[in-house]
file data.txt (compact mmCIF, C-alpha atoms)
# COMPACT_ATOMS: atom_id res chain seq x y z
CA MET F 1 -0.55 3.70 -104.18
CA ARG F 2 -0.13 5.30 -107.54
CA VAL F 3 2.72 4.27 -109.83
CA VAL F 4 2.00 7.04 -112.37
CA LEU F 5 1.03 10.42 -110.92
CA PHE F 6 0.02 12.05 -114.20
CA TYR F 7 0.92 12.28 -117.88
CA LEU F 8 2.68 15.01 -119.80
CA GLY F 9 1.25 14.22 -123.19
CA ASP F 10 2.07 10.55 -123.61
CA TYR F 11 4.92 10.63 -121.08
CA PRO F 12 4.10 9.08 -117.67
CA VAL F 13 5.40 11.01 -114.67
CA ARG F 14 6.07 8.31 -112.08
CA SER F 15 5.60 8.81 -108.37
CA TYR F 16 8.82 6.97 -107.58
CA GLY F 17 11.06 9.45 -109.35
CA ILE F 18 9.21 12.50 -108.04
CA VAL F 19 9.37 11.38 -104.40
CA VAL F 20 13.04 10.32 -104.66
CA VAL F 21 13.91 13.79 -105.97
CA LEU F 22 11.90 15.30 -103.11
CA ALA F 23 13.79 13.11 -100.61
CA ILE F 24 17.13 14.28 -102.00
CA LEU F 25 16.18 17.96 -101.89
CA LEU F 26 14.85 17.70 -98.33
CA SER F 27 18.00 15.87 -97.23
CA ILE F 28 20.20 18.59 -98.69
CA GLY F 29 18.12 21.29 -97.00
CA ILE F 30 18.27 19.57 -93.61
CA ALA F 31 22.00 18.95 -93.99
CA ARG F 32 22.61 22.63 -94.72
CA TYR F 33 20.60 23.60 -91.66
CA LEU F 34 22.43 21.14 -89.41
CA ALA F 35 25.77 22.35 -90.78
CA ARG F 36 25.07 26.00 -89.99
CA GLU F 37 27.92 27.79 -88.23
CA THR F 38 30.34 25.02 -89.21
CA VAL F 39 32.96 24.74 -91.95
CA TYR F 40 30.88 22.00 -93.56
CA ARG F 41 27.95 24.19 -94.64
CA GLU F 42 29.77 25.51 -97.70
CA HIS F 43 30.56 21.93 -98.76
CA ILE F 44 27.05 20.48 -98.62
CA SER F 45 25.89 21.53 -102.09
CA SER F 46 29.09 20.55 -103.89
CA PHE F 47 29.30 17.24 -102.06
CA ALA F 48 25.65 16.51 -102.84
CA VAL F 49 26.39 16.21 -106.56
CA THR F 50 29.12 13.61 -105.99
CA ALA F 51 27.06 11.82 -103.35
CA ILE F 52 23.93 11.57 -105.53
CA ILE F 53 25.86 10.04 -108.44
CA SER F 54 27.70 7.60 -106.17
CA ALA F 55 24.53 6.71 -104.24
CA LEU F 56 22.50 6.05 -107.40
CA PHE F 57 25.26 3.89 -108.84
CA GLY F 58 25.64 1.95 -105.60
CA ALA F 59 21.87 1.61 -105.15
CA ARG F 60 21.35 0.16 -108.61
CA LEU F 61 24.43 -2.07 -108.46
CA TRP F 62 23.34 -3.50 -105.08
CA GLU F 63 19.80 -4.12 -106.33
CA VAL F 64 20.94 -5.83 -109.51
CA LEU F 65 23.67 -8.02 -107.98
CA PHE F 66 22.22 -8.96 -104.61
CA PHE F 67 18.45 -8.49 -104.70
CA GLN F 68 17.09 -9.11 -108.19
CA TRP F 69 19.88 -10.77 -110.19
CA GLU F 70 17.59 -13.42 -111.64
CA TYR F 71 15.28 -10.72 -112.99
CA TYR F 72 17.87 -8.26 -114.31
CA SER F 73 20.27 -10.86 -115.72
CA SER F 74 17.62 -11.79 -118.28
CA ARG F 75 16.71 -8.14 -118.93
CA PRO F 76 20.02 -6.25 -119.13
CA LEU F 77 18.53 -3.17 -120.80
CA VAL F 78 16.07 -2.72 -117.90
CA ILE F 79 19.05 -2.12 -115.58
CA LEU F 80 19.26 1.44 -116.89
CA ALA F 81 15.58 2.21 -116.18
CA ILE F 82 16.07 3.43 -112.61
CA TRP F 83 12.99 5.67 -112.89
CA ASN F 84 10.86 2.51 -112.63
CA GLY F 85 12.25 1.70 -109.19
CA GLY F 86 14.70 -0.92 -108.10
CA LEU F 87 17.17 1.03 -105.97
CA SER F 88 18.69 -0.55 -102.88
CA ILE F 89 19.02 1.94 -100.03
CA GLN F 90 21.85 -0.11 -98.57
CA GLY F 91 23.76 0.18 -101.83
CA ALA F 92 23.04 3.91 -101.87
CA ILE F 93 24.48 4.23 -98.35
CA VAL F 94 27.63 2.33 -99.35
CA GLY F 95 28.05 4.53 -102.42
CA GLY F 96 27.47 7.65 -100.35
CA ILE F 97 30.01 6.60 -97.73
CA PHE F 98 32.71 6.03 -100.34
CA SER F 99 31.98 9.41 -101.89
CA ALA F 100 32.20 11.04 -98.44
CA ILE F 101 35.54 9.35 -97.73
CA TYR F 102 36.91 10.61 -101.03
CA TYR F 103 35.44 14.11 -100.64
CA THR F 104 36.75 14.64 -97.10
CA TRP F 105 40.18 13.32 -98.08
CA ARG F 106 40.34 15.62 -101.10
CA HIS F 107 39.24 18.70 -99.13
CA LYS F 108 41.21 17.82 -95.98
CA LEU F 109 38.12 17.57 -93.80
CA SER F 110 37.32 15.25 -90.92
CA PHE F 111 35.32 12.32 -92.26
CA TRP F 112 33.79 11.53 -88.86
CA ASP F 113 32.72 15.13 -88.24
CA PHE F 114 31.26 15.38 -91.73
CA ALA F 115 29.47 12.03 -91.39
CA ASP F 116 28.01 13.06 -88.02
CA THR F 117 26.68 16.25 -89.59
CA LEU F 118 25.04 14.45 -92.49
CA ALA F 119 23.65 11.40 -90.66
CA PRO F 120 20.28 12.87 -89.52
CA ALA F 121 19.63 14.38 -92.95
CA VAL F 122 20.41 11.13 -94.73
CA VAL F 123 18.12 8.97 -92.61
CA PHE F 124 15.32 11.54 -92.98
CA GLY F 125 15.71 11.22 -96.75
CA GLN F 126 15.54 7.45 -96.40
CA GLY F 127 12.21 7.78 -94.63
CA ILE F 128 10.82 9.90 -97.45
CA GLY F 129 12.25 7.43 -99.95
CA ARG F 130 10.16 4.63 -98.49
CA ILE F 131 7.07 6.62 -99.44
CA ALA F 132 8.31 6.32 -103.03
CA CYS F 133 8.53 2.55 -102.59
CA PHE F 134 4.99 2.41 -101.24
CA LEU F 135 3.57 4.46 -104.11
CA ASN F 136 5.48 2.32 -106.60
CA GLY F 137 4.36 -0.96 -105.02
CA ASP F 138 7.86 -2.29 -104.39
CA ALA F 139 9.86 -3.18 -101.25
CA PHE F 140 6.66 -4.95 -100.26
CA GLY F 141 6.04 -7.51 -97.57
CA SER F 142 4.99 -11.14 -97.69
CA PRO F 143 1.37 -12.29 -97.23
CA THR F 144 0.06 -11.80 -93.70
CA GLY F 145 -2.32 -14.75 -93.96
CA SER F 146 -5.12 -12.60 -92.51
CA ASN F 147 -7.31 -9.63 -93.34
CA PHE F 148 -4.64 -7.26 -92.01
CA GLY F 149 -2.20 -5.82 -94.51
CA ILE F 150 -1.82 -3.79 -97.69
CA VAL F 151 -3.57 -4.91 -100.86
CA TYR F 152 -1.61 -3.56 -103.81
CA PRO F 153 -3.42 -2.60 -107.01
CA GLU F 154 -2.86 -4.01 -110.46
CA GLY F 155 0.16 -2.58 -112.24
CA THR F 156 2.47 -2.93 -109.25
CA ILE F 157 5.20 -5.52 -108.80
CA ALA F 158 3.57 -6.61 -105.55
CA TYR F 159 0.31 -7.41 -107.35
CA GLU F 160 2.16 -9.33 -110.05
CA ARG F 161 3.69 -11.58 -107.38
CA TYR F 162 0.90 -11.97 -104.82
CA GLY F 163 -2.28 -10.70 -106.43
CA SER F 164 -4.84 -9.22 -104.03
CA GLN F 165 -3.49 -10.90 -100.89
CA PRO F 166 -2.92 -8.56 -97.90
CA LEU F 167 0.83 -8.03 -97.41
CA TRP F 168 2.87 -6.83 -94.43
CA PRO F 169 3.47 -3.04 -94.64
CA ALA F 170 7.25 -3.56 -94.49
CA GLU F 171 8.23 -0.41 -96.38
CA ILE F 172 5.86 1.78 -94.33
CA TRP F 173 7.23 0.50 -91.04
CA GLU F 174 10.78 0.95 -92.27
CA GLY F 175 10.04 4.57 -93.19
CA GLN F 176 8.59 5.15 -89.73
CA TRP F 177 11.67 3.58 -88.16
CA ASP F 178 13.84 5.96 -90.21
CA PHE F 179 11.98 8.97 -88.78
CA ILE F 180 12.42 7.60 -85.26
CA ILE F 181 16.17 7.33 -85.90
CA PHE F 182 16.12 10.90 -87.18
CA GLY F 183 14.58 12.07 -83.90
CA ILE F 184 17.13 10.11 -81.87
CA LEU F 185 20.05 11.57 -83.83
CA VAL F 186 18.77 15.14 -83.55
CA ALA F 187 18.46 14.67 -79.78
CA MET F 188 21.96 13.19 -79.60
CA LYS F 189 23.34 16.08 -81.63
CA THR F 190 22.72 18.44 -78.71
CA ARG F 191 25.13 16.46 -76.54
CA ASN F 192 28.91 16.58 -76.56
CA LEU F 193 29.65 13.16 -78.03
CA PRO F 194 32.89 11.76 -79.48
CA LYS F 195 33.40 12.22 -83.21
CA GLY F 196 31.80 9.43 -85.19
CA ILE F 197 29.30 8.26 -82.57
CA LEU F 198 26.36 9.92 -84.31
CA PHE F 199 27.19 8.28 -87.63
CA VAL F 200 27.83 4.89 -86.03
CA THR F 201 24.53 5.10 -84.14
CA TYR F 202 22.66 5.91 -87.34
CA GLN F 203 24.19 3.01 -89.19
CA ALA F 204 23.67 0.51 -86.37
CA LEU F 205 20.06 1.52 -85.66
CA TYR F 206 19.08 1.45 -89.32
CA ALA F 207 20.74 -1.93 -89.84
CA LEU F 208 19.02 -3.33 -86.75
CA GLY F 209 15.59 -2.20 -87.90
CA ARG F 210 16.19 -3.36 -91.46
CA PHE F 211 17.35 -6.77 -90.26
CA ALA F 212 14.15 -7.26 -88.25
CA LEU F 213 11.78 -6.00 -90.94
CA GLU F 214 13.35 -8.20 -93.60
CA PHE F 215 11.62 -11.17 -91.99
CA LEU F 216 8.38 -9.62 -93.29
CA ARG F 217 9.62 -8.84 -96.79
CA GLY F 218 8.36 -10.83 -99.74
CA ASP F 219 10.23 -9.32 -102.67
CA THR F 220 13.78 -10.68 -102.41
CA PRO F 221 15.39 -14.14 -102.47
CA ARG F 222 16.67 -15.78 -99.31
CA TYR F 223 20.03 -17.43 -98.79
CA TRP F 224 21.83 -19.25 -95.98
CA LEU F 225 19.89 -19.28 -92.68
CA ASP F 226 16.91 -18.11 -94.74
CA TRP F 227 18.27 -14.56 -94.56
CA THR F 228 17.93 -12.05 -97.37
CA ALA F 229 20.85 -10.14 -98.86
CA ALA F 230 19.71 -7.11 -96.86
CA GLN F 231 19.89 -9.10 -93.64
CA TRP F 232 23.41 -10.28 -94.35
CA THR F 233 24.38 -6.71 -95.20
CA SER F 234 22.71 -5.44 -92.02
CA PHE F 235 24.44 -8.07 -89.91
CA ALA F 236 27.83 -7.07 -91.34
CA ILE F 237 27.08 -3.39 -90.68
CA ILE F 238 26.04 -4.05 -87.07
CA VAL F 239 29.28 -5.93 -86.41
CA LEU F 240 31.37 -3.28 -88.17
CA MET F 241 29.68 -0.37 -86.39
CA SER F 242 30.09 -2.11 -83.02
CA MET F 243 33.83 -2.34 -83.70
CA PHE F 244 33.95 1.32 -84.73
CA ALA F 245 32.04 2.35 -81.59
CA ILE F 246 34.50 0.48 -79.36
CA ALA F 247 37.44 2.08 -81.19
CA ILE F 248 35.91 5.57 -80.90
CA ILE F 249 35.20 5.18 -77.18
CA PHE F 250 38.69 3.79 -76.57
CA ARG F 251 40.21 6.68 -78.54
CA GLU F 252 38.20 9.18 -76.47
CA LYS F 253 39.26 7.65 -73.16
CA ARG F 254 42.88 7.52 -74.24
CA GLY F 255 42.68 11.19 -75.24
CA HIS F 256 41.37 12.17 -71.82
CA VAL F 257 44.13 10.20 -70.11
CA SER F 258 46.87 11.81 -72.15
call {"tool": "encode", "arguments": {"input": "data.txt", "output": "structure tokens"}}
result
Amino acid sequence: MRVVLFYLGDYPVRSYGIVVVLAILLSIGIARYLARETVYREHISSFAVTAIISALFGARLWEVLFFQWEYYSSRPLVILAIWNGGLSIQGAIVGGIFSAIYYTWRHKLSFWDFADTLAPAVVFGQGIGRIACFLNGDAFGSPTGSNFGIVYPEGTIAYERYGSQPLWPAEIWEGQWDFIIFGILVAMKTRNLPKGILFVTYQALYALGRFALEFLRGDTPRYWLDWTAAQWTSFAIIVLMSMFAIAIIFREKRGHVS
């Protein structure tokens, strides 16, 4: 873990920002590769600009309102310091989805086709993004109560909260889960599946993994049923994606009948 990678003069270059930029660039590259020989390839770069802005806005808004309101409400100026961390991936996904809906509507493209194309690239970027969280010492787990776990160094948010106690490697396991989803989606992409199934699978699998791993998290408040905001969001996504999957399958069967 290393919050600051190096200094340019007196300016600290933080690992979080560097790795997030790397995650974005890799996602764009993978998306362009997956969109080869399709009409969507020429749209990837232009859409990326809109998506990045929307995702950053959604990620920060979600973090401030649902994850760390008590902290940010007393430090309003810190809300702008996104380079220090504090971005909710679930908020980023919501922001990205809205930007994709708008972009495909404006350019008269199929949202479901476009979303299927982007899904593997996005979840790969999420996996890289969790490396940023690990280096920054955020998105950390709760104490394991044993010798197993990650001991975060001084200068990280995790150390400020729990000191030198070993914590569950929640962000590492989530990143690994993201790469597993990436592999599943790439394998599914070779099959002739109904439009939207790839995107729905991505959303449902990520939400399922996030819901489970949140039980190990130690950095966010808990609400009704002792669930975190991320668990409530994940639960809503699982229900919503299940409904979409049923609708997509029904649409496909009805199309074959007609």
call {"tool": "residues_around", "arguments": {"input": "data.txt", "residues": "Leu25 in chain F", "least_positions_apart": "5", "cutoff": "12 Å", "atoms": "only C-alpha atoms", "output": "list in words"}}
result
Ile18, Val19, Val20, Ile30, Ala31, Arg32, Ile44, Ser45, Ala48, Val49, Ile52, Ala121, Val122, Phe124, Gly125, Gln126, Ile128 and Gly129 of chain F
call {"tool": "residues_around", "arguments": {"input": "data.txt", "residues": "range 2-14 of chain F", "least_positions_apart": "4", "cutoff": "9 Å", "atoms": "only C-alpha atoms", "output": "VMD selection string"}}
result
chain F and resid 18 to 19 83 to 84 134 to 137 153 155 to 156
call {"tool": "atom_distance", "arguments": {"input": "data.txt", "atom1": "CA of Thr190 in chain F", "atom2": "CA of Gly175 in chain F"}}
result
23.7 Å
call {"tool": "atom_distance", "arguments": {"input": "data.txt", "atom1": "CA of Gly96 in chain F", "atom2": "CA of Trp62 in chain F"}}
result
12.8 Å
call {"tool": "atom_distance", "arguments": {"input": "data.txt", "atom1": "CA of Ile238 in chain F", "atom2": "CA of Trp112 in chain F"}}
result
17.5 Å
call {"tool": "residues_around", "arguments": {"input": "data.txt", "residues": "Thr38 in chain F", "least_positions_apart": "4", "cutoff": "12 Å", "atoms": "only C-alpha atoms", "output": "PDB file with C-alpha atoms, in the coordinates of the input"}}
result
ATOM      1  CA  ALA F  31      22.000  18.950 -93.990  1.00  0.00           C
ATOM      2  CA  ARG F  32      22.610  22.630 -94.720  1.00  0.00           C
ATOM      3  CA  TYR F  33      20.600  23.600 -91.660  1.00  0.00           C
ATOM      4  CA  LEU F  34      22.430  21.140 -89.410  1.00  0.00           C
ATOM      5  CA  GLU F  42      29.770  25.510 -97.700  1.00  0.00           C
ATOM      6  CA  HIS F  43      30.560  21.930 -98.760  1.00  0.00           C
ATOM      7  CA  ILE F  44      27.050  20.480 -98.620  1.00  0.00           C
ATOM      8  CA  LEU F 109      38.120  17.570 -93.800  1.00  0.00           C
ATOM      9  CA  ASP F 113      32.720  15.130 -88.240  1.00  0.00           C
ATOM     10  CA  PHE F 114      31.260  15.380 -91.730  1.00  0.00           C
ATOM     11  CA  THR F 117      26.680  16.250 -89.590  1.00  0.00           C
TER      12      THR F 117
END
